[in-house]
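S.K.: Got structure_22.pdb for you, PDB, C-alpha atoms:
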```
MODEL        1
ATOM      1  CA  MET A 244       9.455  20.954 -12.318
ATOM      2  CA  PRO A 245       6.981  22.708 -14.622
ATOM      3  CA  LYS A 246       3.857  20.886 -15.603
ATOM      4  CA  SER A 247       4.096  19.019 -18.871
ATOM      5  CA  LYS A 248       2.548  20.995 -21.707
ATOM      6  CA  THR A 249       0.862  17.975 -23.225
ATOM      7  CA  PRO A 250      -1.306  15.815 -21.018
ATOM      8  CA  ARG A 251       0.317  12.420 -20.617
ATOM      9  CA  PHE A 252      -2.831  10.574 -19.612
ATOM     10  CA  SER A 253      -6.405  10.304 -20.784
ATOM     11  CA  PRO A 254      -8.874  12.875 -19.492
ATOM     12  CA  ARG A 255     -11.397  11.610 -16.966
ATOM     13  CA  GLY A 256     -14.557  10.072 -18.376
ATOM     14  CA  SER A 257     -17.838   8.919 -16.873
ATOM     15  CA  THR A 258     -18.017   7.050 -13.573
ATOM     16  CA  GLU A 259     -18.868   3.895 -15.552
ATOM     17  CA  SER A 260     -15.807   4.346 -17.734
ATOM     18  CA  ILE A 261     -13.566   5.039 -14.727
ATOM     19  CA  GLU A 262     -14.783   2.117 -12.628
ATOM     20  CA  ALA A 263     -15.525  -0.562 -15.199
ATOM     21  CA  GLY A 264     -13.458   0.427 -18.243
ATOM     22  CA  LEU A 265      -9.920  -0.308 -19.342
ATOM     23  CA  ALA A 266      -8.772   3.193 -20.282
ATOM     24  CA  PHE A 267      -6.237   4.461 -17.754
ATOM     25  CA  GLN A 268      -7.434   7.900 -16.668
ATOM     26  CA  PRO A 269      -5.694   8.652 -13.371
ATOM     27  CA  LYS A 270      -7.009  11.464 -11.219
ATOM     28  CA  PHE A 271      -4.517  13.939  -9.824
ATOM     29  CA  ASP A 272      -5.568  16.132  -6.914
ATOM     30  CA  ALA A 273      -5.600  19.928  -6.754
ATOM     31  CA  ASP A 274      -1.815  19.850  -6.300
ATOM     32  CA  GLY A 275      -1.379  17.597  -9.323
ATOM     33  CA  LEU A 276      -0.574  14.546  -7.185
ATOM     34  CA  ILE A 277      -1.849  10.976  -6.830
ATOM     35  CA  PRO A 278      -1.211   8.785  -3.742
ATOM     36  CA  ALA A 279       1.041   5.759  -4.250
ATOM     37  CA  ILE A 280       1.026   2.737  -1.940
ATOM     38  CA  VAL A 281       4.164   0.600  -2.102
ATOM     39  CA  THR A 282       4.132  -3.016  -0.930
ATOM     40  CA  ASP A 283       6.697  -5.810  -0.999
ATOM     41  CA  ALA A 284       5.679  -8.019  -3.925
ATOM     42  CA  ALA A 285       6.869 -11.115  -2.089
ATOM     43  CA  THR A 286       5.439 -10.579   1.395
ATOM     44  CA  GLY A 287       2.585  -8.096   0.932
ATOM     45  CA  GLU A 288       4.009  -5.836   3.639
ATOM     46  CA  VAL A 289       3.319  -2.144   3.130
ATOM     47  CA  LEU A 290       6.757  -0.582   2.740
ATOM     48  CA  MET A 291       6.017   3.086   2.179
ATOM     49  CA  PHE A 292       3.484   5.625   1.013
ATOM     50  CA  ALA A 293       4.360   8.522  -1.253
ATOM     51  CA  TRP A 294       2.973  10.846  -3.908
ATOM     52  CA  MET A 295       3.430  11.010  -7.661
ATOM     53  CA  ASN A 296       2.871  13.821 -10.094
ATOM     54  CA  ALA A 297       2.154  13.038 -13.747
ATOM     55  CA  ASP A 298       5.849  13.007 -14.580
ATOM     56  CA  ALA A 299       6.662  10.573 -11.771
ATOM     57  CA  LEU A 300       3.814   8.272 -12.792
ATOM     58  CA  ALA A 301       4.848   8.428 -16.448
ATOM     59  CA  LEU A 302       8.471   7.638 -15.570
ATOM     60  CA  THR A 303       7.400   4.740 -13.352
ATOM     61  CA  ILE A 304       5.354   3.270 -16.183
ATOM     62  CA  GLU A 305       8.046   3.823 -18.793
ATOM     63  CA  THR A 306      10.945   2.476 -16.760
ATOM     64  CA  GLY A 307       9.329   0.049 -14.304
ATOM     65  CA  ILE A 308      11.266   1.818 -11.533
ATOM     66  CA  GLY A 309       9.453   3.738  -8.761
ATOM     67  CA  HIS A 310       9.553   7.522  -9.168
ATOM     68  CA  PHE A 311       7.760   9.967  -6.882
ATOM     69  CA  TRP A 312       7.209  13.634  -6.171
ATOM     70  CA  SER A 313       8.802  14.949  -3.003
ATOM     71  CA  ARG A 314       6.407  17.476  -1.498
ATOM     72  CA  SER A 315       9.047  18.757   0.937
ATOM     73  CA  ARG A 316      11.781  19.196  -1.662
ATOM     74  CA  ARG A 317       9.307  20.034  -4.443
ATOM     75  CA  SER A 318      11.169  17.848  -6.886
ATOM     76  CA  LEU A 319      10.929  14.625  -8.820
ATOM     77  CA  TRP A 320      12.479  11.800  -6.853
ATOM     78  CA  LYS A 321      13.812   8.471  -8.059
ATOM     79  CA  LYS A 322      13.566   6.358  -4.944
ATOM     80  CA  GLY A 323      16.932   4.813  -4.066
ATOM     81  CA  GLU A 324      18.990   7.022  -6.345
ATOM     82  CA  GLU A 325      21.331   7.760  -3.444
ATOM     83  CA  SER A 326      20.702   4.810  -1.097
ATOM     84  CA  GLY A 327      20.620   2.115  -3.760
ATOM     85  CA  ASN A 328      17.181   1.014  -2.574
ATOM     86  CA  VAL A 329      15.673   1.309  -6.030
ATOM     87  CA  LEU A 330      12.128  -0.022  -6.385
ATOM     88  CA  THR A 331      11.617  -2.421  -9.279
ATOM     89  CA  VAL A 332       7.906  -2.542  -9.970
ATOM     90  CA  VAL A 333       6.556  -6.063 -10.337
ATOM     91  CA  GLU A 334       2.980  -4.889 -10.804
ATOM     92  CA  LEU A 335       1.252  -1.510 -10.861
ATOM     93  CA  ARG A 336      -2.438  -1.353 -10.071
ATOM     94  CA  THR A 337      -5.029   1.371  -9.804
ATOM     95  CA  ASP A 338      -8.253   1.447  -7.828
ATOM     96  CA  CYS A 339     -11.935   1.708  -8.718
ATOM     97  CA  ASP A 340     -11.857   5.523  -8.800
ATOM     98  CA  GLN A 341      -8.434   5.604 -10.483
ATOM     99  CA  ASP A 342      -7.267   8.130  -7.917
ATOM    100  CA  VAL A 343      -4.688   5.918  -6.158
ATOM    101  CA  VAL A 344      -1.941   3.632  -7.463
ATOM    102  CA  TRP A 345      -0.477   0.557  -5.804
ATOM    103  CA  LEU A 346       3.066  -0.553  -6.624
ATOM    104  CA  ARG A 347       4.064  -4.144  -5.859
ATOM    105  CA  VAL A 348       7.840  -3.924  -5.780
ATOM    106  CA  SER A 349      11.146  -5.594  -5.177
ATOM    107  CA  VAL A 350      13.511  -3.347  -3.187
ATOM    108  CA  GLY A 351      17.104  -3.158  -4.416
ATOM    109  CA  GLY A 352      20.326  -2.661  -2.448
ATOM    110  CA  ASP A 353      20.066  -3.696   1.175
ATOM    111  CA  GLY A 354      16.276  -3.914   0.928
ATOM    112  CA  LEU A 355      15.537  -1.050   3.311
ATOM    113  CA  ALA A 356      12.715   1.071   1.902
ATOM    114  CA  CYS A 357      12.479   3.529   4.827
ATOM    115  CA  HIS A 358      14.853   6.463   5.201
ATOM    116  CA  THR A 359      15.225   5.463   8.871
ATOM    117  CA  LYS A 360      17.086   2.357   7.640
ATOM    118  CA  ARG A 361      14.240  -0.018   8.238
ATOM    119  CA  ARG A 362      12.678  -2.383   5.742
ATOM    120  CA  SER A 363       9.277  -0.688   6.009
ATOM    121  CA  CYS A 364       8.220   2.779   7.133
ATOM    122  CA  PHE A 365       5.443   1.134   9.128
ATOM    123  CA  TYR A 366       7.477  -0.149  12.066
ATOM    124  CA  ARG A 367       5.154   0.951  14.867
ATOM    125  CA  SER A 368       1.683  -0.192  15.891
ATOM    126  CA  VAL A 369      -1.067   2.000  17.280
ATOM    127  CA  PRO A 370      -2.926   0.477  20.251
ATOM    128  CA  LEU A 371      -6.536  -0.584  19.725
ATOM    129  CA  ALA A 372      -9.418  -0.514  22.189
ATOM    130  CA  ALA A 373      -7.744   2.535  23.680
ATOM    131  CA  THR A 374      -9.117   5.934  24.533
ATOM    132  CA  PRO A 375      -7.537   8.415  22.161
ATOM    133  CA  HIS A 376      -8.311  11.363  24.382
ATOM    134  CA  GLU A 377      -5.251  10.428  26.388
ATOM    135  CA  THR A 378      -1.674  10.150  25.268
ATOM    136  CA  LEU A 379      -1.354   7.046  23.155
ATOM    137  CA  HIS A 380       1.800   4.994  23.174
ATOM    138  CA  LEU A 381       2.887   3.181  20.059
ATOM    139  CA  ALA A 382       4.507  -0.261  20.161
ATOM    140  CA  TRP A 383       7.327  -1.522  17.976
ATOM    141  CA  SER A 384       5.809  -3.835  15.421
ATOM    142  CA  LYS A 385       6.942  -7.422  15.405
ATOM    143  CA  ASP A 386       9.299  -6.987  12.492
ATOM    144  CA  ARG A 387      11.370  -4.318  14.180
ATOM    145  CA  PRO A 388      14.945  -4.811  13.069
ATOM    146  CA  LYS A 389      17.369  -5.813  15.771
ATOM    147  CA  GLY A 390      19.708  -3.212  17.242
TER     148      GLY A 390
ATOM    149  CA  MET B 126     -19.293  17.235  11.443
ATOM    150  CA  PRO B 127     -17.679  20.066  13.412
ATOM    151  CA  LYS B 128     -14.120  19.689  14.496
ATOM    152  CA  SER B 129     -13.687  18.399  18.010
ATOM    153  CA  LYS B 130     -13.070  21.205  20.471
ATOM    154  CA  THR B 131     -10.422  19.303  22.374
ATOM    155  CA  PRO B 132      -7.535  17.806  20.443
ATOM    156  CA  ARG B 133      -7.746  14.037  20.607
ATOM    157  CA  PHE B 134      -4.117  13.367  19.794
ATOM    158  CA  SER B 135      -0.731  14.630  20.897
ATOM    159  CA  PRO B 136       0.637  17.714  19.170
ATOM    160  CA  ARG B 137       3.527  17.122  16.773
ATOM    161  CA  GLY B 138       6.985  17.091  18.334
ATOM    162  CA  SER B 139      10.501  17.047  16.913
ATOM    163  CA  THR B 140      11.458  14.913  13.923
ATOM    164  CA  GLU B 141      13.377  12.645  16.309
ATOM    165  CA  SER B 142      10.292  12.238  18.492
ATOM    166  CA  ILE B 143       8.044  11.581  15.487
ATOM    167  CA  GLU B 144      10.325   9.045  13.813
ATOM    168  CA  ALA B 145      11.948   7.254  16.726
ATOM    169  CA  GLY B 146       9.560   7.838  19.646
ATOM    170  CA  LEU B 147       6.521   6.004  20.945
ATOM    171  CA  ALA B 148       4.127   8.928  21.386
ATOM    172  CA  PHE B 149       1.378   8.766  18.793
ATOM    173  CA  GLN B 150       1.228  12.192  17.158
ATOM    174  CA  PRO B 151      -0.562  11.744  13.839
ATOM    175  CA  LYS B 152      -0.332  14.486  11.258
ATOM    176  CA  PHE B 153      -3.523  15.620   9.588
ATOM    177  CA  ASP B 154      -3.287  17.592   6.350
ATOM    178  CA  ALA B 155      -4.675  21.064   5.644
ATOM    179  CA  ASP B 156      -8.145  19.511   5.311
ATOM    180  CA  GLY B 157      -7.782  17.712   8.651
ATOM    181  CA  LEU B 158      -7.330  14.310   7.005
ATOM    182  CA  ILE B 159      -4.804  11.472   7.140
ATOM    183  CA  PRO B 160      -4.488   8.769   4.438
ATOM    184  CA  ALA B 161      -5.462   5.229   5.437
ATOM    185  CA  ILE B 162      -4.246   2.131   3.603
ATOM    186  CA  VAL B 163      -6.368  -0.982   4.173
ATOM    187  CA  THR B 164      -4.944  -4.452   3.544
ATOM    188  CA  ASP B 165      -6.278  -7.948   4.102
ATOM    189  CA  ALA B 166      -4.602  -9.169   7.289
ATOM    190  CA  ALA B 167      -4.485 -12.720   5.954
ATOM    191  CA  THR B 168      -3.269 -12.199   2.391
ATOM    192  CA  GLY B 169      -1.569  -8.795   2.419
ATOM    193  CA  GLU B 170      -3.643  -7.648  -0.549
ATOM    194  CA  VAL B 171      -4.404  -3.939  -0.606
ATOM    195  CA  LEU B 172      -8.179  -3.739  -0.371
ATOM    196  CA  MET B 173      -8.880  -0.031  -0.365
ATOM    197  CA  PHE B 174      -7.522   3.416   0.316
ATOM    198  CA  ALA B 175      -9.484   6.078   2.162
ATOM    199  CA  TRP B 176      -9.147   9.121   4.391
ATOM    200  CA  MET B 177      -9.737   9.654   8.108
ATOM    201  CA  ASN B 178     -10.342  12.809  10.065
ATOM    202  CA  ALA B 179      -9.492  12.880  13.765
ATOM    203  CA  ASP B 180     -12.949  11.600  14.709
ATOM    204  CA  ALA B 181     -12.692   8.650  12.317
ATOM    205  CA  LEU B 182      -9.226   7.759  13.580
ATOM    206  CA  ALA B 183     -10.352   8.063  17.200
ATOM    207  CA  LEU B 184     -13.388   5.849  16.557
ATOM    208  CA  THR B 185     -11.249   3.266  14.760
ATOM    209  CA  ILE B 186      -8.875   3.104  17.713
ATOM    210  CA  GLU B 187     -11.666   2.980  20.292
ATOM    211  CA  THR B 188     -13.792   0.360  18.565
ATOM    212  CA  GLY B 189     -11.308  -1.620  16.455
ATOM    213  CA  ILE B 190     -13.683  -1.120  13.504
ATOM    214  CA  GLY B 191     -12.642   0.903  10.429
ATOM    215  CA  HIS B 192     -14.161   4.401  10.271
ATOM    216  CA  PHE B 193     -13.342   6.963   7.607
ATOM    217  CA  TRP B 194     -14.189  10.420   6.343
ATOM    218  CA  SER B 195     -16.049  10.567   3.064
ATOM    219  CA  ARG B 196     -14.724  13.555   1.154
ATOM    220  CA  SER B 197     -17.563  13.384  -1.380
ATOM    221  CA  ARG B 198     -20.353  13.153   1.204
ATOM    222  CA  ARG B 199     -18.466  15.257   3.760
ATOM    223  CA  SER B 200     -19.430  12.911   6.551
ATOM    224  CA  LEU B 201     -18.074  10.326   8.925
ATOM    225  CA  TRP B 202     -18.408   6.863   7.450
ATOM    226  CA  LYS B 203     -18.418   3.505   9.177
ATOM    227  CA  LYS B 204     -17.307   1.200   6.375
ATOM    228  CA  GLY B 205     -19.831  -1.608   5.843
ATOM    229  CA  GLU B 206     -22.626  -0.006   7.831
ATOM    230  CA  GLU B 207     -24.988  -0.630   4.913
ATOM    231  CA  SER B 208     -23.245  -3.446   3.020
ATOM    232  CA  GLY B 209     -22.237  -5.495   6.043
ATOM    233  CA  ASN B 210     -18.589  -5.397   4.945
ATOM    234  CA  VAL B 211     -17.404  -4.057   8.271
ATOM    235  CA  LEU B 212     -13.641  -3.890   8.713
ATOM    236  CA  THR B 213     -12.347  -5.471  11.905
ATOM    237  CA  VAL B 214      -8.884  -4.092  12.511
ATOM    238  CA  VAL B 215      -6.322  -6.770  13.362
ATOM    239  CA  GLU B 216      -3.469  -4.288  13.554
ATOM    240  CA  LEU B 217      -3.133  -0.542  13.065
ATOM    241  CA  ARG B 218       0.256   0.878  12.151
ATOM    242  CA  THR B 219       1.661   4.299  11.403
ATOM    243  CA  ASP B 220       4.669   5.287   9.347
ATOM    244  CA  CYS B 221       7.956   7.033  10.096
ATOM    245  CA  ASP B 222       6.451  10.496   9.604
ATOM    246  CA  GLN B 223       3.206   9.549  11.372
ATOM    247  CA  ASP B 224       1.255  11.051   8.485
ATOM    248  CA  VAL B 225      -0.257   7.804   7.150
ATOM    249  CA  VAL B 226      -1.996   4.873   8.846
ATOM    250  CA  TRP B 227      -2.153   1.256   7.707
ATOM    251  CA  LEU B 228      -5.050  -0.955   8.780
ATOM    252  CA  ARG B 229      -4.603  -4.714   8.564
ATOM    253  CA  VAL B 230      -8.189  -5.952   8.572
ATOM    254  CA  SER B 231     -10.617  -8.796   8.317
ATOM    255  CA  VAL B 232     -13.590  -7.925   6.091
ATOM    256  CA  GLY B 233     -17.022  -8.906   7.374
ATOM    257  CA  GLY B 234     -20.125  -9.955   5.452
ATOM    258  CA  ASP B 235     -19.400 -11.343   2.004
ATOM    259  CA  GLY B 236     -15.810 -10.081   2.200
ATOM    260  CA  LEU B 237     -16.128  -7.538  -0.616
ATOM    261  CA  ALA B 238     -14.349  -4.331   0.386
ATOM    262  CA  CYS B 239     -14.961  -2.423  -2.854
ATOM    263  CA  HIS B 240     -18.245  -0.668  -3.601
ATOM    264  CA  THR B 241     -18.107  -2.277  -7.068
ATOM    265  CA  LYS B 242     -18.704  -5.631  -5.359
ATOM    266  CA  ARG B 243     -15.156  -6.831  -5.662
ATOM    267  CA  ARG B 244     -12.899  -8.043  -2.890
ATOM    268  CA  SER B 245     -10.391  -5.256  -3.512
ATOM    269  CA  CYS B 246     -10.673  -1.850  -5.153
ATOM    270  CA  PHE B 247      -7.429  -2.609  -6.981
ATOM    271  CA  TYR B 248      -8.762  -4.987  -9.633
ATOM    272  CA  ARG B 249      -6.932  -3.520 -12.638
ATOM    273  CA  SER B 250      -3.254  -3.425 -13.563
ATOM    274  CA  VAL B 251      -1.486  -0.593 -15.343
ATOM    275  CA  PRO B 252       0.893  -1.722 -18.115
ATOM    276  CA  LEU B 253       4.614  -1.257 -17.545
ATOM    277  CA  ALA B 254       7.336  -0.498 -20.086
ATOM    278  CA  ALA B 255       4.696   1.446 -21.960
ATOM    279  CA  THR B 256       4.707   4.953 -23.327
ATOM    280  CA  PRO B 257       2.229   6.978 -21.303
ATOM    281  CA  HIS B 258       1.890   9.651 -23.969
ATOM    282  CA  GLU B 259      -0.530   7.363 -25.726
ATOM    283  CA  THR B 260      -3.754   5.916 -24.453
ATOM    284  CA  LEU B 261      -2.927   3.265 -21.904
ATOM    285  CA  HIS B 262      -5.088   0.202 -21.543
ATOM    286  CA  LEU B 263      -5.525  -1.403 -18.152
ATOM    287  CA  ALA B 264      -5.728  -5.165 -17.691
ATOM    288  CA  TRP B 265      -7.921  -7.046 -15.254
ATOM    289  CA  SER B 266      -5.710  -8.212 -12.446
ATOM    290  CA  LYS B 267      -5.381 -11.927 -11.843
ATOM    291  CA  ASP B 268      -7.798 -11.970  -8.946
ATOM    292  CA  ARG B 269     -10.665 -10.573 -10.969
ATOM    293  CA  PRO B 270     -13.817 -12.204  -9.676
ATOM    294  CA  LYS B 271     -15.573 -14.505 -12.067
ATOM    295  CA  GLY B 272     -18.659 -13.239 -13.891
TER     296      GLY B 272
ENDMDL
END
```
Mind converting the file's structure to structure tokens?
M.R.:
Amino acid sequence: MPKSKTPRFSPRGSTESIEAGLAFQPKFDADGLIPAIVTDAATGEVLMFAWMNADALALTIETGIGHFWSRSRRSLWKKGEESGNVLTVVELRTDCDQDVVWLRVSVGGDGLACHTKRRSCFYRSVPLAATPHETLHLAWSKDRPKG
Amino acid sequence: MPKSKTPRFSPRGSTESIEAGLAFQPKFDADGLIPAIVTDAATGEVLMFAWMNADALALTIETGIGHFWSRSRRSLWKKGEESGNVLTVVELRTDCDQDVVWLRVSVGGDGLACHTKRRSCFYRSVPLAATPHETLHLAWSKDRPKG
């Protein structure tokens, strides 16, 4: 998708304006992307992490439905368009630097946000107090779905 | 900080191994970094978002204390080393693609994870059902600290 000819968002201002002001001036990286954290609005669980370009962010704001940029497919992506697991955004936040967004969502369909058919993409834990020079073994997190 | 001479983590395997296996094989991007989402282990609130290089991830695993890579200072960064807001990791998770980590933490000191002296970096909400072609005004999120 070609870049929009007209900038959709405010240009970046001073650090004071970015951190303490109320003008939304999101920062996109060198690839034109901003990280998006997605959590379950009811439980606080992190469901997934994805990227947005300006078009995806604009569509998310306009529609209240989570849109992203697929880096592998190089295309705009409405989450759940095929699976039915559409993300209805309950609240959208940005951080101090305005270079990350956080979507608090309700997941549609069967409620499985991960393409592996799990509720969350974060279904494995990394051991702590371990020596990472050796092979580390993950553990299934407590909310691993049965079967 | 120079890159470690010996790889600290397993090389990447097949998609099946990455998504459904228990070998930790984190993916670092072209800059040698992996995104790290930090939430409050008690409340589920997203506190901050930062980046880790392999050394920061290894130190976090070894010590159970959140370490990151500062892209602006180009240095390893133990969160809270100066402020006292050290992050004790209750649980560390990775996602299906093993290219993101999620730290569920307890914040030390006065409990303020953001450098702006707020509990969370995500203290402003972006309006929804708005037209992003115009100037968008953020709102203080409900948990804005008093004063």
S.K.: Considering all atoms listed in the file, give me a table of residues in stretch 244-350 of chain A that are at most 9 Å from stretch 169-177 of chain B, with the closest atom pair and distance in Å for each, as a tab-separated table.
M.R.:
```
residue	atom	partner	partner_atom	distance
A:Ile280	CA	B:Val171	CA	8.7
A:Thr282	CA	B:Val171	CA	8.6
A:Thr286	CA	B:Gly169	CA	7.3
A:Gly287	CA	B:Gly169	CA	4.5
A:Glu288	CA	B:Gly169	CA	6.4
A:Val289	CA	B:Gly169	CA	8.3
A:Asp338	CA	B:Met173	CA	7.6
A:Val343	CA	B:Phe174	CA	7.5
A:Trp345	CA	B:Val171	CA	7.9
```
S.K.: Applied to the shown file, which residues does the ChimeraX specification (/A :<6) & /B return, written as a list in words?
M.R.: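 Against this file, the ChimeraX specification (/A :<6) & /B returns the residues Arg133, Leu147, Ala148, Phe149, Gly169, Ala183, Ile186, Glu187, Thr188, Gly189, Leu217, Arg218, Thr219, Asp220, Cys221, Cys246, Phe247, Arg249, Ser250, Val251, Leu253, Ala254, Ala255, Thr256, Pro257, His258, Leu261, His262 and Leu263 of chain B.
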S.K.: Could you check how far atom CA of B:Val230 sits from atom CA of B:Val211, in Å to one decimal?
M.R.: 9.4 Å
S.K.: Can you tell me how far atom CA of B:Gly209 sits from atom CA of B:Leu158, in Å to one decimal?
M.R.: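 Between these atoms lies a distance of 24.8 Å.
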S.K.: List the residues selected by the PyMOL selection byres ((chain A and resi 349) around 6) in the file shown, writing them as a ChimeraX atom specification.
M.R.: /A:330-331,348,350
S.K.: For stretch 365-383 of chain A, I'd like the enclosing box, axis-aligned and padded by 6 Å on every side, reported as JSON with centre and edge lengths in Å to one decimal.
M.R.:
```
{"center_x": -1.0, "center_y": 4.9, "center_z": 17.8, "size_x": 28.9, "size_y": 24.9, "size_z": 29.3}
```
S.K.: With all atoms listed in the file as the counted atoms, please give the residues lying no more than 10 Å from B:Ser200, apart from itself and same-chain residues fewer than 5 positions off, as a list in words.
M.R.: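 Selected residues are Met126, Asn178, Ala181, Phe193, Trp194 and Ser195 of chain B.
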S.K.: To one decimal place, how far is atom CA of A:Gly352 from atom CA of A:Lys322 in Å?
M.R.: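 Between these atoms lies a distance of 11.5 Å.
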S.K.: Would you mind putting N, CA, C and O atoms back on stretch 196-210 of chain B and writing the result as an mmCIF file, in the frame of the given file?
M.R.:
```
data_model
loop_
_atom_site.group_PDB
_atom_site.id
_atom_site.type_symbol
_atom_site.label_atom_id
_atom_site.label_comp_id
_atom_site.auth_asym_id
_atom_site.auth_seq_id
_atom_site.Cartn_x
_atom_site.Cartn_y
_atom_site.Cartn_z
ATOM 1 N N ARG B 196 -14.937 12.202 1.673
ATOM 2 C CA ARG B 196 -14.724 13.555 1.154
ATOM 3 C C ARG B 196 -15.867 13.976 0.235
ATOM 4 O O ARG B 196 -16.214 15.155 0.190
ATOM 5 N N SER B 197 -16.467 13.014 -0.476
ATOM 6 C CA SER B 197 -17.563 13.384 -1.380
ATOM 7 C C SER B 197 -18.843 13.701 -0.603
ATOM 8 O O SER B 197 -19.540 14.660 -0.914
ATOM 9 N N ARG B 198 -19.117 12.905 0.430
ATOM 10 C CA ARG B 198 -20.353 13.153 1.204
ATOM 11 C C ARG B 198 -20.114 14.098 2.374
ATOM 12 O O ARG B 198 -21.052 14.517 3.044
ATOM 13 N N ARG B 199 -18.848 14.399 2.643
ATOM 14 C CA ARG B 199 -18.466 15.257 3.760
ATOM 15 C C ARG B 199 -19.092 14.769 5.073
ATOM 16 O O ARG B 199 -19.744 15.530 5.805
ATOM 17 N N SER B 200 -18.872 13.471 5.322
ATOM 18 C CA SER B 200 -19.430 12.911 6.551
ATOM 19 C C SER B 200 -18.598 11.738 7.039
ATOM 20 O O SER B 200 -17.883 11.087 6.252
ATOM 21 N N LEU B 201 -18.705 11.494 8.318
ATOM 22 C CA LEU B 201 -18.074 10.326 8.925
ATOM 23 C C LEU B 201 -18.739 9.085 8.348
ATOM 24 O O LEU B 201 -19.942 9.075 8.077
ATOM 25 N N TRP B 202 -17.954 8.028 8.215
ATOM 26 C CA TRP B 202 -18.408 6.863 7.450
ATOM 27 C C TRP B 202 -17.875 5.615 8.131
ATOM 28 O O TRP B 202 -16.679 5.431 8.234
ATOM 29 N N LYS B 203 -18.808 4.815 8.662
ATOM 30 C CA LYS B 203 -18.418 3.505 9.177
ATOM 31 C C LYS B 203 -18.500 2.529 8.018
ATOM 32 O O LYS B 203 -19.592 2.197 7.550
ATOM 33 N N LYS B 204 -17.348 2.097 7.526
ATOM 34 C CA LYS B 204 -17.307 1.200 6.375
ATOM 35 C C LYS B 204 -18.138 -0.047 6.650
ATOM 36 O O LYS B 204 -17.976 -0.678 7.708
ATOM 37 N N GLY B 205 -19.042 -0.392 5.722
ATOM 38 C CA GLY B 205 -19.831 -1.608 5.843
ATOM 39 C C GLY B 205 -21.119 -1.438 6.613
ATOM 40 O O GLY B 205 -21.852 -2.411 6.810
ATOM 41 N N GLU B 206 -21.413 -0.216 7.035
ATOM 42 C CA GLU B 206 -22.626 -0.006 7.831
ATOM 43 C C GLU B 206 -23.870 -0.446 7.059
ATOM 44 O O GLU B 206 -24.806 -0.986 7.636
ATOM 45 N N GLU B 207 -23.845 -0.209 5.736
ATOM 46 C CA GLU B 207 -24.988 -0.630 4.913
ATOM 47 C C GLU B 207 -24.748 -1.990 4.258
ATOM 48 O O GLU B 207 -25.641 -2.818 4.203
ATOM 49 N N SER B 208 -23.530 -2.221 3.783
ATOM 50 C CA SER B 208 -23.245 -3.446 3.020
ATOM 51 C C SER B 208 -22.975 -4.656 3.904
ATOM 52 O O SER B 208 -23.039 -5.797 3.440
ATOM 53 N N GLY B 209 -22.629 -4.397 5.164
ATOM 54 C CA GLY B 209 -22.237 -5.495 6.043
ATOM 55 C C GLY B 209 -20.740 -5.785 5.990
ATOM 56 O O GLY B 209 -20.239 -6.590 6.775
ATOM 57 N N ASN B 210 -20.031 -5.140 5.088
ATOM 58 C CA ASN B 210 -18.589 -5.397 4.945
ATOM 59 C C ASN B 210 -17.786 -4.557 5.931
ATOM 60 O O ASN B 210 -16.935 -3.751 5.551
#
```
